[in-house]
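Source file data-v3.cif; content: mmCIF, C-alpha atoms and all ligand atoms.
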```cif
data_query
loop_
_atom_site.label_atom_id
_atom_site.label_comp_id
_atom_site.auth_asym_id
_atom_site.auth_seq_id
_atom_site.Cartn_x
_atom_site.Cartn_y
_atom_site.Cartn_z
CA MET M 1393 0.00 0.00 0.00
CA TYR M 1394 1.16 3.49 -0.81
CA PRO M 1395 -0.37 6.24 1.38
CA LEU M 1396 -1.13 9.46 -0.43
CA HIS M 1397 -3.15 12.64 0.19
CA LEU M 1398 -4.98 13.99 -2.85
CA ASP M 1399 -5.88 17.58 -3.65
CA VAL M 1400 -9.33 17.01 -5.12
CA SER M 1401 -10.42 20.64 -5.12
CA GLY M 1402 -12.26 21.49 -8.33
CA ARG M 1403 -11.74 17.96 -9.67
CA ARG M 1404 -14.67 15.75 -10.59
CA VAL M 1405 -15.17 12.63 -8.47
CA LEU M 1406 -17.85 10.02 -9.16
CA VAL M 1407 -19.79 8.60 -6.22
CA ALA M 1408 -21.86 5.63 -7.39
CA GLY M 1409 -24.71 4.96 -4.97
CA GLY M 1410 -27.22 6.88 -2.89
CA GLY M 1411 -27.03 5.25 0.55
CA PRO M 1412 -25.35 6.22 3.83
CA VAL M 1413 -21.85 5.09 2.76
CA ALA M 1414 -22.12 7.13 -0.45
CA ALA M 1415 -23.39 10.05 1.66
CA ARG M 1416 -20.30 9.94 3.90
CA ARG M 1417 -17.95 9.78 0.93
CA ALA M 1418 -19.77 12.61 -0.86
CA ARG M 1419 -19.64 14.78 2.27
CA ASP M 1420 -15.91 14.26 2.82
CA LEU M 1421 -15.16 14.91 -0.84
CA ALA M 1422 -17.32 18.06 -0.93
CA ASP M 1423 -15.60 19.25 2.28
CA ALA M 1424 -12.30 18.84 0.44
CA GLY M 1425 -13.65 20.98 -2.42
CA ALA M 1426 -14.21 18.21 -4.99
CA ASP M 1427 -16.72 18.54 -7.81
CA VAL M 1428 -18.87 15.59 -6.70
CA LEU M 1429 -21.11 13.71 -9.13
CA VAL M 1430 -23.53 11.29 -7.45
CA VAL M 1431 -25.21 8.76 -9.70
CA ALA M 1432 -28.02 6.75 -8.08
CA PRO M 1433 -31.74 6.17 -8.74
CA ALA M 1434 -32.62 7.40 -5.22
CA LEU M 1435 -30.89 9.20 -2.36
CA CYS M 1436 -30.92 8.67 1.40
CA GLU M 1437 -31.84 11.66 3.56
CA ASP M 1438 -28.24 12.47 4.36
CA LEU M 1439 -27.39 12.77 0.66
CA ARG M 1440 -30.53 14.79 -0.05
CA ASP M 1441 -29.30 17.29 2.54
CA GLN M 1442 -26.16 17.74 0.46
CA LEU M 1443 -27.85 18.52 -2.85
CA ASP M 1444 -26.66 22.13 -2.72
CA ARG M 1445 -23.04 20.88 -2.80
CA VAL M 1446 -23.14 17.84 -5.11
CA THR M 1447 -24.52 17.11 -8.58
CA TRP M 1448 -27.04 14.28 -8.70
CA GLU M 1449 -27.99 12.21 -11.74
CA PRO M 1450 -31.06 10.14 -10.75
CA ARG M 1451 -30.44 6.87 -12.63
CA GLU M 1452 -28.48 3.61 -12.40
CA VAL M 1453 -24.71 4.07 -12.70
CA GLU M 1454 -23.07 2.97 -15.96
CA PRO M 1455 -19.42 2.06 -16.66
CA ALA M 1456 -19.24 5.03 -19.05
CA ASP M 1457 -19.73 7.40 -16.06
CA VAL M 1458 -16.06 7.02 -15.18
CA ALA M 1459 -14.99 8.62 -18.45
CA ASP M 1460 -13.92 12.06 -17.29
CA VAL M 1461 -13.48 11.80 -13.52
CA TRP M 1462 -10.31 11.75 -11.43
CA LEU M 1463 -11.48 9.28 -8.82
CA VAL M 1464 -14.36 6.87 -8.28
CA HIS M 1465 -16.12 5.68 -5.14
CA THR M 1466 -18.56 2.81 -5.54
CA ALA M 1467 -21.21 2.17 -2.89
CA THR M 1468 -24.27 1.06 -4.86
CA GLY M 1469 -25.06 -1.90 -2.60
CA ASP M 1470 -24.97 -4.12 -5.70
CA PRO M 1471 -21.64 -6.00 -5.99
CA GLN M 1472 -22.11 -6.55 -9.74
CA ALA M 1473 -22.69 -2.86 -10.41
CA ASP M 1474 -19.71 -1.90 -8.21
CA ALA M 1475 -17.51 -4.46 -10.01
CA ALA M 1476 -18.54 -3.18 -13.44
CA VAL M 1477 -17.78 0.44 -12.55
CA ALA M 1478 -14.47 -0.58 -10.91
CA ALA M 1479 -13.46 -2.53 -14.04
CA ALA M 1480 -14.27 0.44 -16.27
CA ALA M 1481 -12.20 2.72 -14.01
CA ASP M 1482 -9.34 0.24 -14.04
CA ALA M 1483 -9.34 0.15 -17.84
CA LEU M 1484 -8.94 3.94 -17.91
CA ARG M 1485 -6.31 3.87 -15.07
CA ILE M 1486 -8.58 5.81 -12.74
CA TRP M 1487 -8.39 4.98 -9.04
CA CYS M 1488 -11.53 3.36 -7.64
CA VAL M 1489 -12.46 2.77 -4.00
CA ARG M 1490 -14.96 -0.10 -3.63
CA ALA M 1491 -17.21 -0.07 -0.60
CA ASP M 1492 -18.57 -3.57 -1.28
CA ASP M 1493 -15.29 -5.51 -1.40
CA ALA M 1494 -12.17 -4.11 0.27
CA GLN M 1495 -10.05 -7.01 -1.00
CA ALA M 1496 -10.97 -6.32 -4.62
CA SER M 1497 -10.57 -2.57 -4.24
CA ALA M 1498 -7.68 -0.72 -5.89
CA ALA M 1499 -7.73 2.04 -3.27
CA TRP M 1500 -8.87 2.47 0.34
CA THR M 1501 -10.03 5.45 2.34
CA PRO M 1502 -8.21 5.72 5.66
CA VAL M 1503 -9.68 6.54 9.04
CA VAL M 1504 -8.80 10.19 9.63
CA VAL M 1505 -8.17 12.39 12.67
CA ARG M 1506 -8.04 16.10 11.93
CA ARG M 1507 -7.11 18.97 14.18
CA ASP M 1508 -6.80 22.25 12.27
CA ASP M 1509 -3.78 21.87 9.97
CA VAL M 1510 -2.83 18.43 11.34
CA THR M 1511 -4.28 15.38 9.57
CA VAL M 1512 -3.52 11.82 10.67
CA SER M 1513 -4.70 9.03 8.36
CA LEU M 1514 -4.53 5.37 9.31
CA THR M 1515 -5.47 2.00 7.92
CA THR M 1516 -5.33 -1.35 9.68
CA GLY M 1517 -5.83 -3.92 6.95
CA ALA M 1518 -9.20 -5.63 6.99
CA ASP M 1519 -10.00 -4.58 10.57
CA PRO M 1520 -11.83 -1.25 10.49
CA ARG M 1521 -12.88 -1.44 14.16
CA ARG M 1522 -9.24 -1.47 15.20
CA ALA M 1523 -8.71 1.68 13.12
CA VAL M 1524 -11.66 3.33 14.85
CA ALA M 1525 -10.27 2.42 18.30
CA LEU M 1526 -6.91 3.87 17.29
CA ARG M 1527 -8.59 7.01 16.03
CA GLU M 1528 -10.26 7.51 19.41
CA ALA M 1529 -6.94 7.07 21.22
CA LEU M 1530 -5.19 9.47 18.83
CA SER M 1531 -7.95 12.03 19.27
CA ARG M 1532 -7.58 11.90 23.04
CA TRP M 1533 -3.82 12.27 22.75
CA LEU M 1534 -4.05 15.23 20.35
CA ASP M 1535 -6.47 16.94 22.75
CA SER M 1536 -4.54 16.09 25.90
CA GLY M 1537 -2.05 18.92 25.64
CA ALA M 1538 0.77 16.34 25.63
CA ALA M 1539 1.07 16.05 21.84
CA PRO M 1540 3.99 18.04 20.38
CA LEU M 1541 1.83 20.23 18.14
CA ARG M 1542 4.17 23.23 17.95
CA ARG M 1543 5.18 24.27 14.44
CA ARG M 1544 8.82 23.64 13.60
CA ARG M 1545 8.70 25.84 10.49
CA SER M 1546 7.81 29.50 10.69
CA GLY M 1547 4.45 30.65 9.38
CA PRO M 1548 1.97 33.40 10.01
CA GLY M 1549 1.46 34.44 13.62
CA ARG M 1550 -1.87 34.41 15.38
CA VAL M 1551 -3.38 35.10 18.78
CA THR M 1552 -5.74 32.82 20.68
CA LEU M 1553 -7.45 34.13 23.79
CA VAL M 1554 -7.96 31.03 25.92
CA GLY M 1555 -10.41 31.04 28.81
CA GLY M 1556 -8.60 29.00 31.47
CA GLY M 1557 -11.56 28.49 33.79
CA PRO M 1558 -11.52 29.18 37.52
CA GLY M 1559 -8.25 27.50 38.44
CA GLU M 1560 -8.17 23.73 38.10
CA VAL M 1561 -6.39 22.54 34.98
CA ASP M 1562 -9.04 19.98 34.08
CA LEU M 1563 -11.64 22.74 33.84
CA LEU M 1564 -9.76 24.05 30.80
CA THR M 1565 -11.40 23.05 27.50
CA LEU M 1566 -9.82 20.53 25.14
CA ARG M 1567 -9.44 23.23 22.50
CA GLY M 1568 -7.71 25.46 25.01
CA ARG M 1569 -5.26 22.66 25.87
CA ARG M 1570 -4.57 22.11 22.19
CA ARG M 1571 -3.91 25.77 21.52
CA LEU M 1572 -1.46 25.76 24.44
CA ALA M 1573 0.33 22.75 22.95
CA GLU M 1574 0.63 24.69 19.66
CA ALA M 1575 1.83 27.94 21.23
CA ASP M 1576 5.25 29.58 20.86
CA VAL M 1577 4.42 32.24 23.46
CA VAL M 1578 1.96 32.16 26.38
CA VAL M 1579 0.96 35.46 27.98
CA VAL M 1580 -0.60 34.58 31.29
CA ASP M 1581 -2.77 36.19 33.98
CA ARG M 1582 -2.59 35.66 37.73
CA LEU M 1583 -5.94 33.85 37.99
CA ALA M 1584 -5.32 31.53 35.02
CA PRO M 1585 -4.68 27.82 35.73
CA THR M 1586 -0.91 28.30 35.84
CA ALA M 1587 -0.22 24.62 36.66
CA VAL M 1588 -0.81 23.93 32.97
CA LEU M 1589 2.39 25.85 32.16
CA ASP M 1590 4.42 22.96 33.63
CA ASP M 1591 3.40 20.83 30.63
CA LEU M 1592 4.68 23.29 28.02
CA ASP M 1593 7.66 22.62 25.80
CA PRO M 1594 10.70 24.26 27.51
CA GLU M 1595 11.22 26.42 24.42
CA VAL M 1596 7.87 28.14 24.87
CA GLU M 1597 8.23 31.70 26.11
CA VAL M 1598 5.99 32.47 29.09
CA VAL M 1599 5.19 36.13 29.79
CA ASP M 1600 3.56 36.76 33.18
CA VAL M 1601 1.35 39.84 33.11
CA GLY M 1602 -0.53 38.84 36.28
CA LYS M 1603 -2.40 41.56 38.01
CA THR M 1604 -3.22 41.61 41.70
CA PRO M 1605 -5.89 43.95 43.14
CA ASP M 1606 -4.50 47.49 43.51
CA HIS M 1607 -1.26 46.38 41.90
CA HIS M 1608 -1.26 46.35 38.12
CA PRO M 1609 2.25 45.50 37.01
CA VAL M 1610 1.48 45.48 33.27
CA PRO M 1611 -1.07 48.00 31.94
CA GLN M 1612 -3.65 46.73 29.46
CA GLU M 1613 -2.17 48.73 26.56
CA GLU M 1614 1.19 47.09 27.20
CA ILE M 1615 -0.41 43.62 27.28
CA ASN M 1616 -2.02 44.38 23.92
CA ARG M 1617 1.36 45.48 22.56
CA ILE M 1618 3.10 42.30 23.79
CA VAL M 1619 0.47 40.00 22.33
CA VAL M 1620 0.26 41.80 18.98
CA GLY M 1621 4.04 42.17 18.73
CA HIS M 1622 4.73 38.45 19.09
CA ALA M 1623 2.03 37.58 16.55
CA LEU M 1624 3.38 40.10 14.03
CA ALA M 1625 6.79 38.44 14.46
CA GLY M 1626 5.22 35.17 13.23
CA ARG M 1627 4.59 33.47 16.58
CA ARG M 1628 1.52 31.61 17.75
CA VAL M 1629 0.45 33.37 20.90
CA VAL M 1630 -1.89 32.08 23.59
CA ARG M 1631 -3.30 34.71 25.88
CA LEU M 1632 -4.23 32.54 28.85
CA LYS M 1633 -6.80 34.17 31.09
CA GLY M 1634 -8.79 33.10 34.13
CA GLY M 1635 -12.47 32.18 33.63
CA ASP M 1636 -13.93 33.28 30.31
CA PRO M 1637 -12.13 35.96 28.26
CA TYR M 1638 -15.34 37.87 27.58
CA VAL M 1639 -16.74 37.95 31.13
CA LEU M 1640 -15.17 40.99 32.80
CA GLY M 1641 -11.88 39.82 31.33
CA ARG M 1642 -11.06 42.63 28.86
CA GLY M 1643 -10.96 40.02 26.11
CA GLY M 1644 -12.89 42.29 23.77
CA GLU M 1645 -10.20 44.97 23.97
CA GLU M 1646 -7.48 42.47 23.17
CA VAL M 1647 -9.39 41.11 20.19
CA LEU M 1648 -9.90 44.67 18.86
CA ALA M 1649 -6.19 45.43 19.31
CA CYS M 1650 -5.31 42.32 17.26
CA ARG M 1651 -7.80 43.18 14.54
CA ALA M 1652 -6.53 46.76 14.36
CA ALA M 1653 -3.02 45.39 13.80
CA GLY M 1654 -4.24 42.93 11.16
CA VAL M 1655 -3.43 39.92 13.37
CA GLN M 1656 -5.51 36.75 13.10
CA VAL M 1657 -7.29 36.22 16.41
CA GLU M 1658 -9.70 33.68 17.88
CA VAL M 1659 -11.33 33.18 21.27
CA VAL M 1660 -11.64 29.88 23.09
CA PRO M 1661 -14.33 30.27 25.75
CA GLY M 1662 -13.71 29.23 29.32
CA VAL M 1663 -15.71 28.26 32.40
CA THR M 1664 -16.46 31.59 34.04
CA SER M 1665 -15.83 31.98 37.76
CA ALA M 1666 -19.12 33.89 37.93
CA PHE M 1667 -20.98 30.58 37.66
CA ALA M 1668 -18.37 27.96 38.50
CA VAL M 1669 -17.13 29.41 41.80
CA PRO M 1670 -20.62 29.56 43.37
CA ALA M 1671 -21.12 26.00 42.04
CA ALA M 1672 -17.96 24.88 43.83
CA ALA M 1673 -19.57 26.08 47.06
CA GLY M 1674 -22.81 24.23 46.29
CA ILE M 1675 -24.69 27.30 45.03
CA PRO M 1676 -26.48 27.08 41.67
CA VAL M 1677 -26.80 30.62 40.31
CA THR M 1678 -30.36 29.85 39.20
CA HIS M 1679 -32.73 27.37 40.84
CA ARG M 1680 -36.33 26.56 40.04
CA GLY M 1681 -38.59 28.40 42.44
CA LEU M 1682 -35.79 30.59 43.82
CA SER M 1683 -34.17 32.47 40.95
CA ARG M 1684 -34.83 32.62 37.22
CA SER M 1685 -32.04 34.96 36.21
CA VAL M 1686 -28.49 35.87 37.05
CA THR M 1687 -26.78 39.22 36.63
CA VAL M 1688 -22.99 39.42 36.65
CA VAL M 1689 -21.63 42.73 37.89
CA SER M 1690 -18.16 44.19 38.30
CA GLY M 1691 -17.72 45.27 41.90
CA HIS M 1692 -14.56 47.10 40.96
CA ASP M 1693 -16.37 50.16 39.66
CA GLU M 1694 -19.24 52.16 41.13
CA VAL M 1695 -22.40 50.02 41.01
CA ASP M 1696 -25.90 51.29 40.22
CA ALA M 1697 -27.55 50.02 43.43
CA ASP M 1698 -31.01 51.36 42.47
CA ALA M 1699 -31.05 49.36 39.25
CA LEU M 1700 -29.59 46.24 40.89
CA ALA M 1701 -32.03 46.33 43.82
CA ARG M 1702 -34.94 46.04 41.36
CA ILE M 1703 -33.59 42.76 39.92
CA GLU M 1704 -35.37 39.75 41.40
CA GLY M 1705 -32.87 37.13 40.31
CA THR M 1706 -29.36 36.36 41.55
CA LEU M 1707 -26.65 39.03 41.58
CA VAL M 1708 -23.06 37.86 41.19
CA PHE M 1709 -20.27 40.33 41.88
CA LEU M 1710 -16.72 39.78 40.66
CA MET M 1711 -13.84 41.93 41.95
CA GLY M 1712 -16.12 43.05 44.77
CA VAL M 1713 -14.26 42.22 48.01
CA THR M 1714 -12.94 45.72 48.71
CA MET M 1715 -16.29 47.30 47.91
CA LEU M 1716 -18.40 44.72 49.80
CA PRO M 1717 -19.39 47.07 52.69
CA ARG M 1718 -20.45 49.75 50.21
CA ILE M 1719 -22.26 47.35 47.86
CA SER M 1720 -24.28 45.68 50.63
CA ALA M 1721 -25.20 48.97 52.31
CA ASP M 1722 -26.20 50.59 49.00
CA LEU M 1723 -28.37 47.61 48.00
CA VAL M 1724 -30.26 47.82 51.32
CA ARG M 1725 -30.62 51.58 50.99
CA ALA M 1726 -32.02 51.05 47.48
CA GLY M 1727 -34.73 48.73 48.82
CA LYS M 1728 -33.33 45.20 48.78
CA PRO M 1729 -34.34 43.41 52.03
CA ALA M 1730 -31.52 43.39 54.59
CA SER M 1731 -32.30 39.68 55.14
CA THR M 1732 -31.30 38.78 51.54
CA PRO M 1733 -28.80 35.88 51.73
CA VAL M 1734 -25.22 36.56 50.64
CA ALA M 1735 -22.34 34.13 50.14
CA VAL M 1736 -18.74 35.09 49.51
CA VAL M 1737 -16.66 32.31 47.97
CA GLU M 1738 -12.88 32.81 48.04
CA ASN M 1739 -10.36 30.87 45.96
CA GLY M 1740 -12.96 28.75 44.19
CA TRP M 1741 -11.73 25.38 42.95
CA ARG M 1742 -8.50 25.71 44.88
CA ALA M 1743 -7.39 23.87 48.01
CA THR M 1744 -7.90 27.11 49.95
CA GLN M 1745 -11.55 27.55 48.92
CA ARG M 1746 -13.65 29.07 51.71
CA THR M 1747 -17.26 30.28 51.89
CA THR M 1748 -18.58 33.00 54.17
CA ARG M 1749 -22.35 33.17 54.46
CA GLY M 1750 -24.55 35.92 55.82
CA THR M 1751 -27.13 38.49 54.79
CA LEU M 1752 -26.91 41.95 53.26
CA ALA M 1753 -27.15 43.25 56.83
CA ASP M 1754 -24.16 41.42 58.29
CA ILE M 1755 -21.96 40.10 55.45
CA ALA M 1756 -19.53 43.04 55.45
CA GLY M 1757 -18.80 42.58 59.17
CA LEU M 1758 -18.52 38.79 58.85
CA ALA M 1759 -16.16 39.09 55.88
CA ALA M 1760 -13.96 41.61 57.67
CA ALA M 1761 -13.83 39.44 60.80
CA ARG M 1762 -12.72 36.41 58.76
CA GLY M 1763 -10.23 38.37 56.70
CA VAL M 1764 -11.93 37.61 53.36
CA ARG M 1765 -9.64 38.46 50.46
CA SER M 1766 -9.62 38.50 46.68
CA PRO M 1767 -10.16 36.49 44.55
CA ALA M 1768 -13.71 35.94 45.63
CA VAL M 1769 -17.15 35.77 44.06
CA ILE M 1770 -20.05 37.38 45.93
CA VAL M 1771 -23.51 35.87 45.43
CA VAL M 1772 -26.56 37.89 46.49
CA GLY M 1773 -30.04 36.34 46.42
CA ALA M 1774 -32.11 33.40 47.64
CA VAL M 1775 -29.78 30.82 46.11
CA ALA M 1776 -26.96 32.04 48.35
CA GLY M 1777 -28.89 30.64 51.33
CA MET M 1778 -29.67 27.30 49.75
CA GLU M 1779 -27.68 25.08 52.06
CA GLU M 1780 -29.81 26.39 54.89
CA VAL M 1781 -33.19 26.14 53.14
CA THR M 1782 -32.75 22.94 51.11
CA GLU M 1783 -31.45 20.01 53.05
CA GLY M 1784 -28.68 18.21 51.22
CA VAL M 1785 -29.25 20.01 47.92
CA PRO M 1786 -27.31 20.82 45.89
CA VAL M 1787 -24.26 18.61 46.18
CA ALA M 1788 -21.18 20.78 46.09
CA TYR M 1789 -18.65 20.19 43.34
CA ARG M 1790 -15.43 19.83 45.24
CA PRO M 1791 -11.98 20.71 43.96
CA HIS M 1792 -9.73 17.68 43.50
CA SER M 1793 -6.98 18.71 45.84
C1 LIG F 1 -10.86 40.34 36.28
S1 LIG F 1 -12.11 39.29 36.83
C2 LIG F 1 -12.00 38.07 35.62
C3 LIG F 1 -13.16 37.14 35.57
C4 LIG F 1 -12.97 36.02 34.56
N1 LIG F 1 -12.89 36.54 33.22
C5 LIG F 1 -14.04 34.96 34.66
O1 LIG F 1 -14.83 34.78 33.71
O2 LIG F 1 -14.07 34.26 35.66
C6 LIG F 1 -11.39 38.58 38.25
C7 LIG F 1 -12.39 38.22 39.30
O3 LIG F 1 -12.96 36.95 39.02
C8 LIG F 1 -13.26 36.30 40.23
N2 LIG F 1 -12.49 35.04 40.28
C9 LIG F 1 -11.76 34.51 39.30
N3 LIG F 1 -11.26 33.31 39.65
C10 LIG F 1 -11.72 33.07 40.89
C11 LIG F 1 -11.57 32.00 41.81
N4 LIG F 1 -10.86 30.91 41.49
N5 LIG F 1 -12.19 32.09 42.99
C12 LIG F 1 -12.91 33.16 43.32
N6 LIG F 1 -13.09 34.21 42.49
C13 LIG F 1 -12.51 34.16 41.30
C14 LIG F 1 -12.88 37.25 41.35
O4 LIG F 1 -14.02 38.01 41.66
C15 LIG F 1 -11.84 38.07 40.67
O5 LIG F 1 -11.68 39.31 41.32
#
```
Now, as a test, write the supplied structure out as structure tokens.
Ligand SMILES: C[S@@+](CC[C@H](N)C(=O)[O-])C[C@H]1O[C@@H](n2cnc3c(N)ncnc32)[C@H](O)[C@@H]1O
Amino acid sequence: MYPLHLDVSGRRVLVAGGGPVAARRARDLADAGADVLVVAPALCEDLRDQLDRVTWEPREVEPADVADVWLVHTATGDPQADAAVAAAADALRIWCVRADDAQASAAWTPVVVRRDDVTVSLTTGADPRRAVALREALSRWLDSGAAPLRRRRSGPGRVTLVGGGPGEVDLLTLRGRRRLAEADVVVVDRLAPTAVLDDLDPEVEVVDVGKTPDHHPVPQEEINRIVVGHALAGRRVVRLKGGDPYVLGRGGEEVLACRAAGVQVEVVPGVTSAFAVPAAAGIPVTHRGLSRSVTVVSGHDEVDADALARIEGTLVFLMGVTMLPRISADLVRAGKPASTPVAVVENGWRATQRTTRGTLADIAGLAAARGVRSPAVIVVGAVAGMEEVTEGVPVAYRPHS
């Protein structure tokens, strides 16, 4: 066997047959840009759905159909018809893949794993289930972050904003892990899951732009410059952030800076601390009968207490520890009952996670007495009191360590 990848774009390929196998072949060929001709008296639903991308001739296939095509796939379900088409293709020295009889076939389609510009094709003789099992294993490996996916030849740079989730590495998405494995440079925040950096290739440059409250070592404009600069120099940059890049994470500004500089940019979403940190403390941000909405607010800036006090659902404050006395007092002054439950969850998903519970009336004093510090998520609303009102529900998601 001689493995080969074909550029079929714009080239005519004959698919003989209208069933599910023909549909899969036609779809893969159309995805690769081929000019697909399907010849079959009737089509299955999957093939009908593709009629805007393939040409269909509704009749039985004939050997003469191979005359001006580059490649043939037979999947008529009729071995005699497949054999006749294959023989005609053979006579014209056109490659033909037979679905009915792998042994008699002149060519075989491999099982394929694709991740962006990486394609792995594999065949395992007459044992397709083994190939499928291998494909699953390869997929897991490619997504694990352990595969050496970094480019060894230079190419165009790009930026990927990766949402790292609230802290634990296994709350990072598979796509985020893969982008990290591809990266030449990682620009990382303080609240990102920094343990993942231990798995990077030693040649990867790590730039720490971590901010702590009231101490901003690298201004946002400088972060934008670093990220854009590396990408313009032809590097693949991952901007690794805590939570989700677009939830109070200034991801939008970084994307705009990339676009303004003509740099290719994409965003990989992350698990936001606004929802995941309350969950780690056993608090669902919405719960049937208690709260039908959730509003995420930055506690860093001045909050509009009048508007927030009118919201019936859950309020979640990020960056709100310093302002907690002011926020709770203003909400009460604006009409929210002083008995409204409040929970402050520090260091969610970390070994040091701690929850302080109270009400709008007493939470500021309780938090001060316990020395509550950032990072913490503040939950205001009925759900924040759930452990007290609903016995045993919900079950808290506990960090691993
Ligand atoms: C600048 S905001 C970024 C939020 C992030 N983009 C997200 O979606 O989670 C930082 C704030 O997120 C919250 N935060 C992030 N990670 C946290 C964690 N592990 N535990 C508690 N709060 C966290 C804190 O309120 C912190 O001040």
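Environment of (-29.7, 16.6, 3.1): residues at most 12 Å away, judged by all atoms listed in the file, are M:Gly1410, M:Gly1411, M:Pro1412, M:Ala1415, M:Arg1416, M:Ala1418, M:Arg1419, M:Leu1435, M:Cys1436, M:Glu1437, M:Asp1438, M:Leu1439, M:Arg1440, M:Asp1441, M:Gln1442, M:Leu1443, M:Asp1444, M:Arg1445, M:Val1446.
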Just the selected residues (C-alpha atoms), exported as a PDB file, in the coordinates of the input, please.
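Below is the file part38.pdb, written as the result:
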```
ATOM      1  CA  GLY M1410     -27.220   6.880  -2.890  1.00  0.00           C
ATOM      2  CA  GLY M1411     -27.030   5.250   0.550  1.00  0.00           C
ATOM      3  CA  PRO M1412     -25.350   6.220   3.830  1.00  0.00           C
ATOM      4  CA  ALA M1415     -23.390  10.050   1.660  1.00  0.00           C
ATOM      5  CA  ARG M1416     -20.300   9.940   3.900  1.00  0.00           C
ATOM      6  CA  ALA M1418     -19.770  12.610  -0.860  1.00  0.00           C
ATOM      7  CA  ARG M1419     -19.640  14.780   2.270  1.00  0.00           C
ATOM      8  CA  LEU M1435     -30.890   9.200  -2.360  1.00  0.00           C
ATOM      9  CA  CYS M1436     -30.920   8.670   1.400  1.00  0.00           C
ATOM     10  CA  GLU M1437     -31.840  11.660   3.560  1.00  0.00           C
ATOM     11  CA  ASP M1438     -28.240  12.470   4.360  1.00  0.00           C
ATOM     12  CA  LEU M1439     -27.390  12.770   0.660  1.00  0.00           C
ATOM     13  CA  ARG M1440     -30.530  14.790  -0.050  1.00  0.00           C
ATOM     14  CA  ASP M1441     -29.300  17.290   2.540  1.00  0.00           C
ATOM     15  CA  GLN M1442     -26.160  17.740   0.460  1.00  0.00           C
ATOM     16  CA  LEU M1443     -27.850  18.520  -2.850  1.00  0.00           C
ATOM     17  CA  ASP M1444     -26.660  22.130  -2.720  1.00  0.00           C
ATOM     18  CA  ARG M1445     -23.040  20.880  -2.800  1.00  0.00           C
ATOM     19  CA  VAL M1446     -23.140  17.840  -5.110  1.00  0.00           C
TER      20      VAL M1446
END
```
Could you give me, as JSON, numbers by chain, every polymer residue with an atom at most 8 Å away from an atom of ligand LIG 1 (chain F), counting all atoms listed in the file? {"M": [1555, 1557, 1558, 1559, 1583, 1584, 1605, 1633, 1634, 1635, 1636, 1637, 1638, 1639, 1640, 1641, 1642, 1662, 1663, 1664, 1665, 1666, 1669, 1690, 1709, 1710, 1711, 1712, 1713, 1737, 1738, 1739, 1740, 1741, 1742, 1745, 1766, 1767, 1768, 1769, 1770]}
Residue nearest Ala1481 of chain M - candidates M:Leu1406, M:Pro1540, M:Ala1525, M:Ala1432, atoms counted: only C-alpha atoms: M:Leu1406
At a cut-off of 8 Å from (7.9, 36.1, 14.4) in the coordinates of the file, what residues are picked up using only C-alpha atoms, written as a short mmCIF file (atom, residue, chain, number, x, y, z; two decimals) with C-alpha atoms, keeping the file's coordinate frame?
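Saved the output as out_25.cif:
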```cif
data_model
loop_
_atom_site.label_atom_id
_atom_site.label_comp_id
_atom_site.auth_asym_id
_atom_site.auth_seq_id
_atom_site.Cartn_x
_atom_site.Cartn_y
_atom_site.Cartn_z
CA SER M 1546 7.81 29.50 10.69
CA PRO M 1548 1.97 33.40 10.01
CA GLY M 1549 1.46 34.44 13.62
CA HIS M 1622 4.73 38.45 19.09
CA ALA M 1623 2.03 37.58 16.55
CA LEU M 1624 3.38 40.10 14.03
CA ALA M 1625 6.79 38.44 14.46
CA GLY M 1626 5.22 35.17 13.23
CA ARG M 1627 4.59 33.47 16.58
#
```
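Separating atom CA of Val1503 of chain M from atom CA of His1397 of chain M is a distance of 12.6 Å.
The interatomic distance for the pair atom CA of Asp1509 of chain M and atom CA of Leu1648 of chain M works out to 25.2 Å.
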Can you tell me, as a ChimeraX atom specification, what residues are no more than 6 Å from Val1577 of chain M when counting all atoms listed in the file, ignoring any on the same chain fewer than 5 positions away? /M:1596-1598,1629
Extract, using only C-alpha atoms, all DNA, RNA and protein residues at most 9 Å from Val1477 of chain M, discarding same-chain residues fewer than 5 positions from it, and format them as a ChimeraX atom specification. /M:1408,1453-1458,1464,1466,1472,1482,1488
Give me the residues within 12 Å of Leu1589 of chain M as a JSON list (two decimals) with C-alpha atoms, keeping the file's coordinate frame, counting only C-alpha atoms and dropping any in the same chain fewer than 6 places off.
```
[["chain", "number", "residue", "atom", "x", "y", "z"],
["M", 1537, "GLY", "CA", -2.05, 18.92, 25.64],
["M", 1538, "ALA", "CA", 0.77, 16.34, 25.63],
["M", 1556, "GLY", "CA", -8.60, 29.00, 31.47],
["M", 1561, "VAL", "CA", -6.39, 22.54, 34.98],
["M", 1569, "ARG", "CA", -5.26, 22.66, 25.87],
["M", 1572, "LEU", "CA", -1.46, 25.76, 24.44],
["M", 1573, "ALA", "CA", 0.33, 22.75, 22.95],
["M", 1575, "ALA", "CA", 1.83, 27.94, 21.23],
["M", 1577, "VAL", "CA", 4.42, 32.24, 23.46],
["M", 1578, "VAL", "CA", 1.96, 32.16, 26.38],
["M", 1579, "VAL", "CA", 0.96, 35.46, 27.98],
["M", 1580, "VAL", "CA", -0.60, 34.58, 31.29],
["M", 1581, "ASP", "CA", -2.77, 36.19, 33.98],
["M", 1595, "GLU", "CA", 11.22, 26.42, 24.42],
["M", 1596, "VAL", "CA", 7.87, 28.14, 24.87],
["M", 1597, "GLU", "CA", 8.23, 31.70, 26.11],
["M", 1598, "VAL", "CA", 5.99, 32.47, 29.09],
["M", 1599, "VAL", "CA", 5.19, 36.13, 29.79],
["M", 1600, "ASP", "CA", 3.56, 36.76, 33.18],
["M", 1630, "VAL", "CA", -1.89, 32.08, 23.59],
["M", 1632, "LEU", "CA", -4.23, 32.54, 28.85]]
```
